[in-house]
$ cat start.cif   # mmCIF, C-alpha atoms
data_my_file
#
loop_
_atom_site.group_PDB
_atom_site.id
_atom_site.type_symbol
_atom_site.label_atom_id
_atom_site.label_comp_id
_atom_site.auth_asym_id
_atom_site.auth_seq_id
_atom_site.Cartn_x
_atom_site.Cartn_y
_atom_site.Cartn_z
ATOM 1 C CA MET X 13 -12.383 -16.098 -0.727
ATOM 2 C CA MET X 14 -14.983 -14.412 1.478
ATOM 3 C CA THR X 15 -18.443 -14.007 0.120
ATOM 4 C CA LEU X 16 -19.515 -10.413 0.207
ATOM 5 C CA ASP X 17 -23.137 -9.597 -0.381
ATOM 6 C CA GLU X 18 -24.621 -6.477 -1.924
ATOM 7 C CA THR X 19 -24.757 -4.701 1.435
ATOM 8 C CA ASP X 20 -21.037 -5.303 2.028
ATOM 9 C CA LEU X 21 -20.209 -4.150 -1.495
ATOM 10 C CA ALA X 22 -22.294 -1.010 -1.068
ATOM 11 C CA ILE X 23 -20.403 -0.206 2.147
ATOM 12 C CA ILE X 24 -17.069 -0.829 0.397
ATOM 13 C CA ARG X 25 -18.002 1.458 -2.492
ATOM 14 C CA ALA X 26 -19.182 4.165 -0.113
ATOM 15 C CA THR X 27 -16.001 4.107 1.995
ATOM 16 C CA GLN X 28 -13.156 3.214 -0.369
ATOM 17 C CA ALA X 29 -12.372 6.868 -1.037
ATOM 18 C CA GLY X 30 -12.354 7.540 2.705
ATOM 19 C CA LEU X 31 -14.415 7.777 5.853
ATOM 20 C CA PRO X 32 -16.561 10.900 6.259
ATOM 21 C CA LEU X 33 -15.017 13.547 8.521
ATOM 22 C CA THR X 34 -18.153 14.086 10.540
ATOM 23 C CA PRO X 35 -18.778 13.263 14.222
ATOM 24 C CA GLU X 36 -20.806 10.154 13.342
ATOM 25 C CA PRO X 37 -19.130 8.808 10.186
ATOM 26 C CA TYR X 38 -20.753 5.361 10.225
ATOM 27 C CA GLN X 39 -24.183 6.921 10.599
ATOM 28 C CA CYS X 40 -23.338 9.167 7.653
ATOM 29 C CA VAL X 41 -22.448 6.122 5.503
ATOM 30 C CA ALA X 42 -25.635 4.376 6.656
ATOM 31 C CA GLU X 43 -27.800 7.346 5.654
ATOM 32 C CA GLN X 44 -26.210 7.469 2.194
ATOM 33 C CA LEU X 45 -27.011 3.789 1.689
ATOM 34 C CA GLY X 46 -30.419 3.618 3.355
ATOM 35 C CA LEU X 47 -29.100 1.255 6.040
ATOM 36 C CA THR X 48 -29.092 1.462 9.812
ATOM 37 C CA THR X 49 -25.901 2.553 11.579
ATOM 38 C CA GLU X 50 -25.974 -0.765 13.409
ATOM 39 C CA VAL X 51 -25.792 -2.725 10.128
ATOM 40 C CA VAL X 52 -22.913 -0.618 8.825
ATOM 41 C CA MET X 53 -20.918 -1.024 12.039
ATOM 42 C CA THR X 54 -21.653 -4.761 12.296
ATOM 43 C CA ARG X 55 -20.622 -5.380 8.682
ATOM 44 C CA MET X 56 -17.465 -3.291 8.964
ATOM 45 C CA THR X 57 -16.462 -5.048 12.173
ATOM 46 C CA ALA X 58 -17.049 -8.426 10.515
ATOM 47 C CA MET X 59 -14.989 -7.386 7.466
ATOM 48 C CA GLN X 60 -12.163 -6.353 9.799
ATOM 49 C CA GLU X 61 -12.312 -9.715 11.562
ATOM 50 C CA GLN X 62 -12.186 -11.529 8.214
ATOM 51 C CA GLY X 63 -9.257 -9.410 7.038
ATOM 52 C CA ILE X 64 -11.235 -7.871 4.153
ATOM 53 C CA ILE X 65 -10.607 -4.558 5.852
ATOM 54 C CA ARG X 66 -6.908 -4.697 6.710
ATOM 55 C CA ARG X 67 -7.378 -1.751 9.048
ATOM 56 C CA ILE X 68 -9.229 1.531 9.301
ATOM 57 C CA GLY X 69 -6.754 4.333 9.573
ATOM 58 C CA ALA X 70 -4.608 7.032 8.125
ATOM 59 C CA VAL X 71 -2.200 6.559 5.224
ATOM 60 C CA PRO X 72 0.544 9.182 5.266
ATOM 61 C CA ASN X 73 2.408 10.450 2.235
ATOM 62 C CA HIS X 74 5.963 9.229 2.870
ATOM 63 C CA TYR X 75 7.547 12.271 1.313
ATOM 64 C CA LYS X 76 5.498 14.729 3.369
ATOM 65 C CA LEU X 77 6.674 13.018 6.555
ATOM 66 C CA GLY X 78 10.271 13.475 5.440
ATOM 67 C CA TYR X 79 10.822 9.909 4.259
ATOM 68 C CA HIS X 80 12.574 10.797 1.022
ATOM 69 C CA PHE X 81 14.369 7.495 0.615
ATOM 70 C CA ASN X 82 11.910 4.761 -0.215
ATOM 71 C CA GLY X 83 13.830 1.699 -1.215
ATOM 72 C CA MET X 84 12.537 -1.530 -2.650
ATOM 73 C CA THR X 85 15.134 -3.979 -1.400
ATOM 74 C CA VAL X 86 15.236 -7.233 -3.351
ATOM 75 C CA TRP X 87 17.052 -10.394 -2.324
ATOM 76 C CA ASN X 88 17.917 -13.755 -3.820
ATOM 77 C CA ILE X 89 16.999 -16.332 -1.179
ATOM 78 C CA PRO X 90 16.905 -20.144 -1.514
ATOM 79 C CA ASP X 91 13.260 -21.196 -1.895
ATOM 80 C CA ASP X 92 13.411 -23.685 0.976
ATOM 81 C CA VAL X 93 14.136 -20.987 3.568
ATOM 82 C CA ILE X 94 12.345 -17.987 2.081
ATOM 83 C CA ASP X 95 9.156 -18.345 4.157
ATOM 84 C CA LYS X 96 11.009 -18.553 7.462
ATOM 85 C CA LEU X 97 13.266 -15.611 6.600
ATOM 86 C CA GLY X 98 10.522 -13.563 4.936
ATOM 87 C CA GLU X 99 8.516 -13.655 8.172
ATOM 88 C CA LYS X 100 11.560 -12.433 10.099
ATOM 89 C CA VAL X 101 12.281 -9.602 7.676
ATOM 90 C CA GLY X 102 8.601 -8.586 7.724
ATOM 91 C CA GLN X 103 8.826 -8.179 11.496
ATOM 92 C CA LEU X 104 11.563 -5.540 11.302
ATOM 93 C CA GLU X 105 9.905 -2.294 12.321
ATOM 94 C CA PHE X 106 11.114 -0.320 9.314
ATOM 95 C CA VAL X 107 9.785 -2.801 6.716
ATOM 96 C CA SER X 108 6.356 -1.748 5.424
ATOM 97 C CA HIS X 109 5.751 -4.530 2.900
ATOM 98 C CA CYS X 110 7.451 -7.898 2.529
ATOM 99 C CA TYR X 111 6.615 -10.422 -0.191
ATOM 100 C CA HIS X 112 7.840 -13.537 -1.953
ATOM 101 C CA ARG X 113 7.672 -12.924 -5.718
ATOM 102 C CA PRO X 114 8.923 -14.996 -8.666
ATOM 103 C CA ARG X 115 12.430 -14.743 -10.109
ATOM 104 C CA HIS X 116 12.824 -13.946 -13.811
ATOM 105 C CA LEU X 117 16.166 -15.486 -14.709
ATOM 106 C CA PRO X 118 18.671 -14.610 -15.880
ATOM 107 C CA GLU X 119 18.186 -10.891 -15.429
ATOM 108 C CA TRP X 120 16.067 -10.889 -12.272
ATOM 109 C CA PRO X 121 17.313 -13.420 -9.680
ATOM 110 C CA TYR X 122 15.533 -11.797 -6.726
ATOM 111 C CA ASN X 123 12.576 -13.447 -4.984
ATOM 112 C CA LEU X 124 12.230 -11.607 -1.643
ATOM 113 C CA PHE X 125 10.977 -8.013 -1.724
ATOM 114 C CA ALA X 126 11.075 -5.743 1.340
ATOM 115 C CA MET X 127 10.125 -2.059 1.196
ATOM 116 C CA VAL X 128 12.059 0.202 3.541
ATOM 117 C CA HIS X 129 11.711 3.915 4.266
ATOM 118 C CA GLY X 130 14.250 6.365 5.606
ATOM 119 C CA LYS X 131 14.727 10.080 6.046
ATOM 120 C CA THR X 132 18.326 9.845 4.862
ATOM 121 C CA ARG X 133 20.263 7.557 2.604
ATOM 122 C CA GLU X 134 22.302 6.514 5.663
ATOM 123 C CA ASP X 135 19.128 5.391 7.480
ATOM 124 C CA VAL X 136 18.252 3.155 4.568
ATOM 125 C CA ASP X 137 21.810 1.803 4.330
ATOM 126 C CA GLN X 138 21.593 0.782 7.981
ATOM 127 C CA GLN X 139 18.208 -0.842 7.422
ATOM 128 C CA ILE X 140 19.633 -2.828 4.505
ATOM 129 C CA GLN X 141 22.509 -4.001 6.681
ATOM 130 C CA GLN X 142 20.016 -5.118 9.332
ATOM 131 C CA ILE X 143 18.049 -7.116 6.769
ATOM 132 C CA ALA X 144 21.307 -8.643 5.522
ATOM 133 C CA ARG X 145 22.136 -9.708 9.086
ATOM 134 C CA VAL X 146 18.742 -11.415 9.430
ATOM 135 C CA LEU X 147 19.271 -13.240 6.138
ATOM 136 C CA GLY X 148 22.882 -14.264 6.831
ATOM 137 C CA ASP X 149 24.287 -16.922 4.518
ATOM 138 C CA ALA X 150 20.902 -17.327 2.794
ATOM 139 C CA ASN X 151 21.493 -13.976 1.064
ATOM 140 C CA LEU X 152 22.777 -14.937 -2.380
ATOM 141 C CA GLY X 153 22.576 -11.398 -3.764
ATOM 142 C CA CYS X 154 20.641 -8.202 -3.376
ATOM 143 C CA ASP X 155 19.825 -4.871 -4.964
ATOM 144 C CA VAL X 156 18.001 -1.717 -3.875
ATOM 145 C CA LEU X 157 15.698 0.160 -6.197
ATOM 146 C CA TYR X 158 14.910 3.674 -5.021
ATOM 147 C CA SER X 159 11.790 5.351 -6.286
ATOM 148 C CA THR X 160 12.878 8.429 -8.201
ATOM 149 C CA LYS X 161 9.408 9.666 -9.077
ATOM 150 C CA ILE X 162 5.794 8.856 -8.310
ATOM 151 C CA LEU X 163 4.220 8.542 -11.745
ATOM 152 C CA LYS X 164 0.756 7.554 -10.506
ATOM 153 C CA LYS X 165 -0.796 6.895 -7.129
ATOM 154 C CA THR X 166 -4.431 5.999 -6.629
ATOM 155 C CA GLY X 167 -6.016 3.527 -4.286
ATOM 156 C CA PHE X 168 -7.744 0.329 -5.288
ATOM 157 C CA ARG X 169 -11.138 1.155 -6.710
ATOM 158 C CA SER X 170 -14.013 -1.231 -7.022
ATOM 159 C CA ARG X 171 -15.817 -0.341 -10.216
ATOM 160 C CA SER X 172 -18.749 -2.741 -9.938
ATOM 161 C CA MET Z 18 2.779 19.979 10.855
ATOM 162 C CA ASP Z 19 3.196 20.329 14.627
ATOM 163 C CA ASP Z 20 3.528 17.823 17.465
ATOM 164 C CA ILE Z 21 -0.247 17.426 17.704
ATOM 165 C CA ASP Z 22 -0.443 16.516 14.014
ATOM 166 C CA ARG Z 23 2.400 14.034 14.488
ATOM 167 C CA HIS Z 24 0.592 12.479 17.425
ATOM 168 C CA ILE Z 25 -2.618 12.208 15.367
ATOM 169 C CA ILE Z 26 -0.827 10.585 12.424
ATOM 170 C CA ASN Z 27 1.069 8.122 14.589
ATOM 171 C CA THR Z 28 -2.083 7.163 16.478
ATOM 172 C CA LEU Z 29 -4.319 6.839 13.424
ATOM 173 C CA GLN Z 30 -1.874 4.713 11.433
ATOM 174 C CA ALA Z 31 -2.536 1.998 13.994
ATOM 175 C CA GLY Z 32 -6.288 2.050 13.525
ATOM 176 C CA PHE Z 33 -9.597 3.763 14.107
ATOM 177 C CA PRO Z 34 -12.555 2.430 16.102
ATOM 178 C CA VAL Z 35 -15.951 1.361 14.835
ATOM 179 C CA CYS Z 36 -18.441 2.987 17.206
ATOM 180 C CA ASP Z 37 -21.074 5.725 17.169
ATOM 181 C CA ALA Z 38 -18.683 8.620 17.820
ATOM 182 C CA PRO Z 39 -15.194 7.373 16.902
ATOM 183 C CA TYR Z 40 -13.617 10.829 16.473
ATOM 184 C CA GLN Z 41 -14.802 11.727 19.960
ATOM 185 C CA GLN Z 42 -13.219 8.551 21.345
ATOM 186 C CA VAL Z 43 -9.866 9.130 19.615
ATOM 187 C CA ALA Z 44 -9.898 12.857 20.449
ATOM 188 C CA MET Z 45 -10.228 12.047 24.138
ATOM 189 C CA GLN Z 46 -7.218 9.699 23.960
ATOM 190 C CA LEU Z 47 -5.244 12.465 22.288
ATOM 191 C CA GLY Z 48 -6.386 15.192 24.646
ATOM 192 C CA LEU Z 49 -8.135 17.102 21.860
ATOM 193 C CA THR Z 50 -11.692 18.154 21.195
ATOM 194 C CA GLU Z 51 -13.603 16.166 18.609
ATOM 195 C CA GLN Z 52 -13.869 19.246 16.417
ATOM 196 C CA ALA Z 53 -10.132 19.941 16.603
ATOM 197 C CA LEU Z 54 -9.324 16.357 15.572
ATOM 198 C CA ILE Z 55 -11.718 16.481 12.613
ATOM 199 C CA GLU Z 56 -10.388 19.869 11.481
ATOM 200 C CA ARG Z 57 -6.770 18.759 11.706
ATOM 201 C CA LEU Z 58 -7.509 15.550 9.787
ATOM 202 C CA GLN Z 59 -9.225 17.592 7.096
ATOM 203 C CA THR Z 60 -6.178 19.857 6.824
ATOM 204 C CA LEU Z 61 -3.746 16.924 6.700
ATOM 205 C CA LEU Z 62 -5.792 15.409 3.868
ATOM 206 C CA ASN Z 63 -6.133 18.724 2.029
ATOM 207 C CA ASN Z 64 -2.410 19.468 2.128
ATOM 208 C CA GLY Z 65 -1.465 15.940 1.101
ATOM 209 C CA THR Z 66 0.251 14.895 4.344
ATOM 210 C CA LEU Z 67 -2.277 12.058 4.439
ATOM 211 C CA THR Z 68 -3.163 10.376 1.163
ATOM 212 C CA ARG Z 69 -6.161 8.589 2.654
ATOM 213 C CA PHE Z 70 -8.179 8.178 5.801
ATOM 214 C CA GLY Z 71 -10.593 5.288 6.132
ATOM 215 C CA PRO Z 72 -10.831 1.537 5.663
ATOM 216 C CA LEU Z 73 -8.078 -0.153 3.657
ATOM 217 C CA TYR Z 74 -9.487 -3.118 1.806
ATOM 218 C CA HIS Z 75 -7.711 -6.398 1.052
ATOM 219 C CA ALA Z 76 -8.202 -6.672 -2.694
ATOM 220 C CA GLU Z 77 -7.542 -10.391 -3.054
ATOM 221 C CA LEU Z 78 -9.928 -11.340 -0.241
ATOM 222 C CA MET Z 79 -12.602 -9.311 -2.010
ATOM 223 C CA GLY Z 80 -12.118 -11.534 -5.059
ATOM 224 C CA GLY Z 81 -9.947 -9.003 -6.805
ATOM 225 C CA ALA Z 82 -6.410 -9.465 -7.982
ATOM 226 C CA LEU Z 83 -3.183 -7.509 -7.719
ATOM 227 C CA THR Z 84 0.179 -7.822 -9.311
ATOM 228 C CA LEU Z 85 3.452 -5.942 -9.453
ATOM 229 C CA ALA Z 86 4.940 -5.525 -12.907
ATOM 230 C CA ALA Z 87 7.925 -3.763 -14.396
ATOM 231 C CA VAL Z 88 9.145 -2.606 -17.793
ATOM 232 C CA LYS Z 89 12.490 -1.496 -19.143
ATOM 233 C CA THR Z 90 11.628 1.792 -20.825
ATOM 234 C CA PRO Z 91 14.106 3.464 -23.194
ATOM 235 C CA LEU Z 92 14.965 6.858 -21.684
ATOM 236 C CA ASP Z 93 13.717 8.746 -24.717
ATOM 237 C CA ARG Z 94 10.294 7.086 -24.367
ATOM 238 C CA LEU Z 95 9.747 7.663 -20.642
ATOM 239 C CA ALA Z 96 6.995 10.257 -20.990
ATOM 240 C CA GLU Z 97 5.176 8.374 -23.720
ATOM 241 C CA VAL Z 98 5.272 5.018 -21.916
ATOM 242 C CA THR Z 99 4.217 6.637 -18.635
ATOM 243 C CA GLU Z 100 1.210 8.116 -20.386
ATOM 244 C CA ILE Z 101 0.216 4.793 -21.958
ATOM 245 C CA ILE Z 102 0.571 2.827 -18.722
ATOM 246 C CA ASN Z 103 -1.097 5.426 -16.491
ATOM 247 C CA ALA Z 104 -4.076 5.606 -18.831
ATOM 248 C CA PHE Z 105 -5.083 2.106 -17.732
ATOM 249 C CA PRO Z 106 -7.574 2.440 -14.845
ATOM 250 C CA GLU Z 107 -6.266 -0.922 -13.613
ATOM 251 C CA VAL Z 108 -2.871 0.665 -12.896
ATOM 252 C CA ALA Z 109 -3.113 1.818 -9.277
ATOM 253 C CA HIS Z 110 0.467 2.956 -8.647
ATOM 254 C CA ASN Z 111 3.392 3.603 -10.934
ATOM 255 C CA TYR Z 112 6.896 4.474 -9.780
ATOM 256 C CA ALA Z 113 10.067 5.314 -11.654
ATOM 257 C CA ARG Z 114 12.986 3.418 -10.101
ATOM 258 C CA ASN Z 115 16.743 3.533 -10.556
ATOM 259 C CA HIS Z 116 17.284 0.216 -12.328
ATOM 260 C CA ALA Z 117 17.331 -1.108 -15.894
ATOM 261 C CA LEU Z 118 13.744 -2.125 -15.091
ATOM 262 C CA ASN Z 119 12.925 1.532 -14.569
ATOM 263 C CA MET Z 120 9.134 1.604 -14.315
ATOM 264 C CA TRP Z 121 7.268 -0.415 -11.680
ATOM 265 C CA PHE Z 122 3.515 -0.471 -11.423
ATOM 266 C CA VAL Z 123 0.766 -2.223 -9.482
ATOM 267 C CA ILE Z 124 -2.232 -3.554 -11.367
ATOM 268 C CA ALA Z 125 -5.449 -4.015 -9.391
ATOM 269 C CA THR Z 126 -8.469 -5.666 -10.987
ATOM 270 C CA GLU Z 127 -11.713 -7.208 -9.868
ATOM 271 C CA THR Z 128 -10.899 -10.627 -11.293
ATOM 272 C CA PRO Z 129 -7.629 -12.543 -11.836
ATOM 273 C CA GLU Z 130 -8.413 -12.848 -15.570
ATOM 274 C CA GLU Z 131 -8.298 -9.091 -16.004
ATOM 275 C CA ILE Z 132 -4.673 -9.059 -14.812
ATOM 276 C CA SER Z 133 -3.360 -11.030 -17.771
ATOM 277 C CA ARG Z 134 -5.602 -9.116 -20.166
ATOM 278 C CA THR Z 135 -4.194 -5.825 -18.852
ATOM 279 C CA LEU Z 136 -0.586 -7.050 -19.030
ATOM 280 C CA THR Z 137 -1.089 -8.124 -22.629
ATOM 281 C CA ALA Z 138 -2.690 -4.811 -23.559
ATOM 282 C CA ILE Z 139 0.207 -2.889 -21.975
ATOM 283 C CA GLU Z 140 2.701 -4.983 -23.949
ATOM 284 C CA GLN Z 141 0.800 -4.369 -27.176
ATOM 285 C CA GLN Z 142 0.424 -0.631 -26.662
ATOM 286 C CA THR Z 143 3.984 0.021 -25.448
ATOM 287 C CA GLY Z 144 5.805 -2.599 -27.491
ATOM 288 C CA LEU Z 145 7.755 -3.426 -24.315
ATOM 289 C CA THR Z 146 8.086 -6.714 -22.457
ATOM 290 C CA VAL Z 147 6.250 -6.592 -19.148
ATOM 291 C CA VAL Z 148 7.893 -8.539 -16.336
ATOM 292 C CA ASN Z 149 5.082 -9.861 -14.137
ATOM 293 C CA MET Z 150 5.893 -10.417 -10.465
ATOM 294 C CA PRO Z 151 2.718 -11.557 -8.726
ATOM 295 C CA LYS Z 152 2.805 -12.191 -5.008
ATOM 296 C CA ILE Z 153 3.603 -15.801 -4.087
ATOM 297 C CA ASN Z 154 3.445 -15.157 -0.355
ATOM 298 C CA GLU Z 155 2.820 -12.115 1.826
ATOM 299 C CA TYR Z 156 4.883 -11.846 5.006
ATOM 300 C CA PHE Z 157 3.925 -8.373 6.137
ATOM 301 C CA VAL Z 158 1.875 -5.417 4.956
ATOM 302 C CA GLY Z 159 1.494 -2.421 7.193
ATOM 303 C CA LEU Z 160 2.453 1.179 7.411
ATOM 304 C CA LYS Z 161 4.360 2.243 10.433
ATOM 305 C CA LEU Z 162 6.118 5.440 9.529
ATOM 306 C CA GLU Z 163 6.713 7.637 12.511
ATOM 307 C CA ALA Z 164 5.627 11.193 11.779
#
$ encode --input "start.cif" --output "structure tokens"
Amino acid sequence: MMTLDETDLAIIRATQAGLPLTPEPYQCVAEQLGLTTEVVMTRMTAMQEQGIIRRIGAVPNHYKLGYHFNGMTVWNIPDDVIDKLGEKVGQLEFVSHCYHRPRHLPEWPYNLFAMVHGKTREDVDQQIQQIARVLGDANLGCDVLYSTKILKKTGFRSRS
Amino acid sequence: MDDIDRHIINTLQAGFPVCDAPYQQVAMQLGLTEQALIERLQTLLNNGTLTRFGPLYHAELMGGALTLAAVKTPLDRLAEVTEIINAFPEVAHNYARNHALNMWFVIATETPEEISRTLTAIEQQTGLTVVNMPKINEYFVGLKLEA
């Protein structure tokens, strides 16, 4: 775990809802916090290098971009090959998240999760077939869970 | 949304610079004025095309914890269970999905201990079994939806 000091935490709290839409956004954050722009930019660059900031960028609403079919594909993969295959599935350009998660037998045999997004059901079907090709004989079973409704969507919030 | 908006969204999903005038820098790449870029971003946020613009933090590296959990909610209790689960500030996302496990939610907390406390509280308040599926390994996380 990285050690974040109070300055880092203050920057995180000030930016977790978003970056100011002003010509000099880092200066704006610095002024709010009583820091110099230099400190804010140095800390944010360091947090990016350490992976604490995954990236600075835009997060689109899938539905607004026309991606109405958001499928959580789940696969039952032998544990000894899951890391190798999970990396390959994660590299497919239409996979947005790919994780190894625990099985819950008997009702939940799936341990590889890959989120896919398509504008039509056919797009997603093709994506699933592509994942199945990558997995080959290691695919011992799969299912696709489509989201039917967003019940809640907020970002991570640091409350400290 | 027009082609310029699409170009902005596709470019800014990849990242945004840390420098004195980052909007100016990106606007030049896009062939826009700084003001036009800022105004369009504001509109895309206001109309919900973008859910966020800014740094995306890695919760676990910050010492926080995340898990994915699911419950099998009887159809006649969907609204009630949704209300109970969504009332937890630790629940960041909640999606209905077409499966016997029909409600899937992400719990984000500042410490790993709070995850199990939250799961237990959800079980107690809903009377449902929560299936906990924490991440064992992460192979890829990134958004790359073409606008």
$ resolve_selection --input "start.cif" --expression "the PyMOL selection byres ((chain X and resi 109) around 6)" --output "PyMOL selection string"
(chain X and resi 107-108+110+126-127) or (chain Z and resi 157-158)
$ write_last_selection --input "start.cif" --atoms "C-alpha atoms" --output "PDB file, keeping the file's coordinate frame"
ATOM      1  CA  VAL X 107       9.785  -2.801   6.716  1.00  0.00           C
ATOM      2  CA  SER X 108       6.356  -1.748   5.424  1.00  0.00           C
ATOM      3  CA  CYS X 110       7.451  -7.898   2.529  1.00  0.00           C
ATOM      4  CA  ALA X 126      11.075  -5.743   1.340  1.00  0.00           C
ATOM      5  CA  MET X 127      10.125  -2.059   1.196  1.00  0.00           C
TER       6      MET X 127
ATOM      7  CA  PHE Z 157       3.925  -8.373   6.137  1.00  0.00           C
ATOM      8  CA  VAL Z 158       1.875  -5.417   4.956  1.00  0.00           C
TER       9      VAL Z 158
END
$ axis_aligned_box --input "start.cif" --around "stretch 145-163 of chain X" --padding-each-side "3 Å" --output "AutoDock Vina command-line options"
--center_x 14.3 --center_y -3.8 --center_z -1.2 --size_x 26.1 --size_y 33.0 --size_z 27.2
$ resolve_selection --input "start.cif" --expression "the PyMOL selection byres ((chain Z and resi 95-108) around 7)" --output "count of residues only"
15
$ resolve_selection --input "start.cif" --expression "the PyMOL selection byres ((chain X and resi 52) around 10)" --output "PyMOL selection string"
(chain X and resi 19-20+22-23+38-43+45+47-51+53-58) or (chain Z and resi 35)
$ atom_distance --input "start.cif" --atom1 "atom CA of X:Glu99" --atom2 "atom CA of Z:Glu163"
21.8 Å
$ closest_residue --input "start.cif" --among "Z:Leu83, Z:Pro129, Z:Leu47, Z:Trp121" --to "Z:Asp22" --atoms "all atoms listed in the file"
Z:Leu47
$ atom_distance --input "start.cif" --atom1 "atom CA of Z:Thr66" --atom2 "atom CA of X:Pro72"
5.8 Å
$ residues_around --input "start.cif" --residues "X:Pro32" --least-positions-apart "5" --cutoff "12 Å" --atoms "only C-alpha atoms" --output "CSV table (one decimal) with C-alpha atoms, keeping the file's coordinate frame"
chain,number,residue,atom,x,y,z
X,26,ALA,CA,-19.2,4.2,-0.1
X,27,THR,CA,-16.0,4.1,2.0
X,37,PRO,CA,-19.1,8.8,10.2
X,38,TYR,CA,-20.8,5.4,10.2
X,39,GLN,CA,-24.2,6.9,10.6
X,40,CYS,CA,-23.3,9.2,7.7
X,41,VAL,CA,-22.4,6.1,5.5
X,42,ALA,CA,-25.6,4.4,6.7
X,43,GLU,CA,-27.8,7.3,5.7
X,44,GLN,CA,-26.2,7.5,2.2
Z,38,ALA,CA,-18.7,8.6,17.8
Z,39,PRO,CA,-15.2,7.4,16.9
Z,40,TYR,CA,-13.6,10.8,16.5
Z,55,ILE,CA,-11.7,16.5,12.6
Z,58,LEU,CA,-7.5,15.6,9.8
Z,59,GLN,CA,-9.2,17.6,7.1
Z,62,LEU,CA,-5.8,15.4,3.9
Z,69,ARG,CA,-6.2,8.6,2.7
Z,70,PHE,CA,-8.2,8.2,5.8
Z,71,GLY,CA,-10.6,5.3,6.1
Z,72,PRO,CA,-10.8,1.5,5.7
$ closest_residue --input "start.cif" --among "X:Pro114, X:Val146, X:Ile140, X:Cys154" --to "Z:Val148" --atoms "all atoms listed in the file"
X:Pro114
$ residues_around --input "start.cif" --residues "Z:Asn27" --least-positions-apart "4" --cutoff "10 Å" --atoms "all atoms listed in the file" --output "PDB file with C-alpha atoms, in the frame of the given file"
ATOM      1  CA  ALA X  70      -4.608   7.032   8.125  1.00  0.00           C
ATOM      2  CA  PRO X  72       0.544   9.182   5.266  1.00  0.00           C
TER       3      PRO X  72
ATOM      4  CA  ILE Z  21      -0.247  17.426  17.704  1.00  0.00           C
ATOM      5  CA  ASP Z  22      -0.443  16.516  14.014  1.00  0.00           C
ATOM      6  CA  ARG Z  23       2.400  14.034  14.488  1.00  0.00           C
ATOM      7  CA  ALA Z  31      -2.536   1.998  13.994  1.00  0.00           C
ATOM      8  CA  GLY Z  32      -6.288   2.050  13.525  1.00  0.00           C
ATOM      9  CA  LYS Z 161       4.360   2.243  10.433  1.00  0.00           C
ATOM     10  CA  LEU Z 162       6.118   5.440   9.529  1.00  0.00           C
ATOM     11  CA  GLU Z 163       6.713   7.637  12.511  1.00  0.00           C
ATOM     12  CA  ALA Z 164       5.627  11.193  11.779  1.00  0.00           C
TER      13      ALA Z 164
END
$ closest_residue --input "start.cif" --among "Z:Asn111, Z:Met120, Z:Gly80, Z:Gly159" --to "X:Glu105" --atoms "only C-alpha atoms"
Z:Gly159
$ atom_distance --input "start.cif" --atom1 "atom CA of Z:Lys152" --atom2 "atom CA of Z:Leu85"
7.7 Å
